[in-house]
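*Asks:* Please see the structure below; I have some questions.
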Amino acid sequence: MRRVFVLLAAVAALGVAGPATAGTFKGTVVAKQRSTLLVAGANGAVRAIGGSARIGARVVVSGARLRAIGRAHRAIVRGVVVRRSAGVSFLSAANHVLVVHTARRLASASDTTPTTPQPGAVVQTNVAIADEGDLEEQDEHQVGQAGNVQVQATVASVAAGSVTLTVNGQQLTINLPAGLTLPATVVGTQVTLNVSFAGGAATAAQNGQHEDDDEADADEGGGGDD
């Protein structure tokens, strides 16, 4: 049973594509999360597609059908910076989170502003795709600013005032509103968080809705997914 603890259902439309709609497009698989592939198009927009393919695969998506047509070693990814930590950048794209490994950047003595885009920045990133599937940042520039984004990931742990998510083997800790602590029962489940960047830091907002897959299946007619 997978339970989803929804903290807020709102998505910022910032040129970062959401779940794919009908139509045909080509792209590169830049992440896999359970049965969902994140596919980046030529312009960097990321779409969430159900299917199976290796990271780095070049694919054609037509409606619900996905077909691999080759291998790519580079891609462009557009997303919103959620957090940077120890050489890793977490980007929100298509309501999911991407992990991009970053090289340490040096600032000059004359710099008075951060040398890297901060949480909430919409960025376009050129990445190299390693054989094992890691995304390595080659170049990045900011193209906009987001007030909030929605992300889905699996809960690794909870603590007073924070929740830690697991994203492709990396730990992403997001602060919760003052006085809010999630129940331990959400550990190991997938959550949907609406993350605000007010004040320059990522903080999840509260709604309190809680949903079970079994109940959702029943509402949909009992057919029988993530």
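Numbering starts fresh at 1 for the residues of each chain in the structure tokens, the chains themselves are lettered A, B, ... in the order given, and ligands are numbered from 1 as they appear.
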If we count only C-alpha atoms and set the cut-off at 10 Å, which residues sit around A:Arg71, ignoring sequence neighbours fewer than 6 positions away in its own chain? Please answer as a ChimeraX atom specification.

*Replies:* /A:28-29,54-59,129

*Asks:* Write the residues of the preceding selection, restricted to N, CA and C atoms, as a PDB file, in the first residue's frame.

*Replies:*
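Okay, out_16.pdb is ready:
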```pdb
ATOM      1  N   THR A  28      15.261  12.951 -24.265  1.00  0.00           N
ATOM      2  CA  THR A  28      16.260  12.101 -23.623  1.00  0.00           C
ATOM      3  C   THR A  28      15.833  11.804 -22.200  1.00  0.00           C
ATOM      4  N   VAL A  29      15.903  10.551 -21.799  1.00  0.00           N
ATOM      5  CA  VAL A  29      15.564  10.164 -20.435  1.00  0.00           C
ATOM      6  C   VAL A  29      16.663  10.678 -19.499  1.00  0.00           C
ATOM      7  N   ARG A  54      16.483   3.150 -20.067  1.00  0.00           N
ATOM      8  CA  ARG A  54      17.650   3.532 -19.277  1.00  0.00           C
ATOM      9  C   ARG A  54      17.858   5.032 -19.349  1.00  0.00           C
ATOM     10  N   ILE A  55      18.473   5.584 -18.300  1.00  0.00           N
ATOM     11  CA  ILE A  55      18.822   6.997 -18.325  1.00  0.00           C
ATOM     12  C   ILE A  55      19.837   7.232 -19.438  1.00  0.00           C
ATOM     13  N   GLY A  56      19.580   8.248 -20.243  1.00  0.00           N
ATOM     14  CA  GLY A  56      20.425   8.532 -21.397  1.00  0.00           C
ATOM     15  C   GLY A  56      19.825   8.040 -22.702  1.00  0.00           C
ATOM     16  N   ALA A  57      18.763   7.253 -22.604  1.00  0.00           N
ATOM     17  CA  ALA A  57      18.122   6.762 -23.833  1.00  0.00           C
ATOM     18  C   ALA A  57      17.444   7.912 -24.561  1.00  0.00           C
ATOM     19  N   ARG A  58      17.603   7.953 -25.873  1.00  0.00           N
ATOM     20  CA  ARG A  58      16.840   8.880 -26.710  1.00  0.00           C
ATOM     21  C   ARG A  58      15.553   8.176 -27.089  1.00  0.00           C
ATOM     22  N   VAL A  59      14.432   8.854 -26.846  1.00  0.00           N
ATOM     23  CA  VAL A  59      13.143   8.189 -27.026  1.00  0.00           C
ATOM     24  C   VAL A  59      12.199   9.043 -27.870  1.00  0.00           C
ATOM     25  N   ILE A 129      25.654  12.959 -19.400  1.00  0.00           N
ATOM     26  CA  ILE A 129      25.022  11.781 -18.822  1.00  0.00           C
ATOM     27  C   ILE A 129      26.058  10.669 -18.737  1.00  0.00           C
TER      28      ILE A 129
END
```

*Asks:* Write out as an MDAnalysis selection string all residues of stretch 99-165 of chain A that backbone DSSP assigns to strand (DSSP E).

*Replies:* chainID A and resid 99:101 121:129 135:145 148:159 162:165

*Asks:* Pick out each residue of stretch 105-206 of chain A that DSSP on the backbone tags as helix (DSSP H, G or I); I need them as a PyMOL selection string.

*Replies:* chain A and resi 184-186+198-200

*Asks:* Write out as a ChimeraX atom specification the residues lying within 8 Å of A:Thr203, counting only C-alpha atoms and excluding same-chain residues fewer than 2 positions away.

*Replies:* /A:174-177,195-198,201,205

*Asks:* From the list A:Asn43, A:Thr36, A:Asn194, A:Ser92, which residue is nearest A:Asn148 when using only C-alpha atoms?

*Replies:*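 Comparing A:Asn43, A:Thr36, A:Asn194, A:Ser92 against A:Asn148, the winner is A:Asn194.
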
*Asks:* Please report the interatomic distance between atom CA of A:Ser89 and atom CA of A:Gly147 in Å with one decimal.

*Replies:*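 If I compute the distance from atom CA of A:Ser89 to atom CA of A:Gly147, I get 18.0 Å.
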
*Asks:* Write out as number ranges by chain which residues come within 10 Å of A:Thr125 when counting only C-alpha atoms, dropping same-chain ones fewer than 2 positions away.

*Replies:* A: 44, 75-79, 91, 100, 122-123, 127-128, 136-142

*Asks:* At a cut-off of 8 Å, using only C-alpha atoms, what residues contact stretch 154-160 of chain A? Leave out same-chain residues fewer than 2 positions from it and give the result as a PyMOL selection string.

*Replies:* chain A and resi 152+162-167+171+179-184+186-191

*Asks:* Write out as a list in words which residues come within 9 Å of A:Leu38 when counting only C-alpha atoms, dropping same-chain ones fewer than 5 positions away.

*Replies:*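 Returned residues: Thr28, Val29, Val30, Ala31, Lys32, Gln33, Val46, Arg47, Ala48, Ile49, Gly50, Ile55, Ala93, Ala94, His96 and Leu98 of chain A.
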
*Asks:* Hey, can you check how far atom CA of A:Ala45 sits from atom CA of A:Val149?

*Replies:*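 For atom CA of A:Ala45 relative to atom CA of A:Val149, the distance reads 14.9 Å.
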
*Asks:* Which residue, A:Arg84, A:Leu193, A:Leu172, A:Ser52, has the smallest gap to A:Arg65 when you use only C-alpha atoms?

*Replies:*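 With only C-alpha atoms as the atom set, the closest residue is A:Ser52.
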
*Asks:* Could you check which of A:Val81, A:Ala64, A:Ala103, A:Val151 is closest to A:Gly120, using only C-alpha atoms?

*Replies:*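 Of all the options, A:Val81 lies closest to A:Gly120.
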
*Asks:* Please determine, counting only C-alpha atoms, which residue among A:Gly27, A:Leu135, A:Ala202, A:Gly144 has the shortest atom-to-atom distance to A:Ile69.

*Replies:*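 Among A:Gly27, A:Leu135, A:Ala202, A:Gly144, it is A:Gly27 that comes nearest to A:Ile69.
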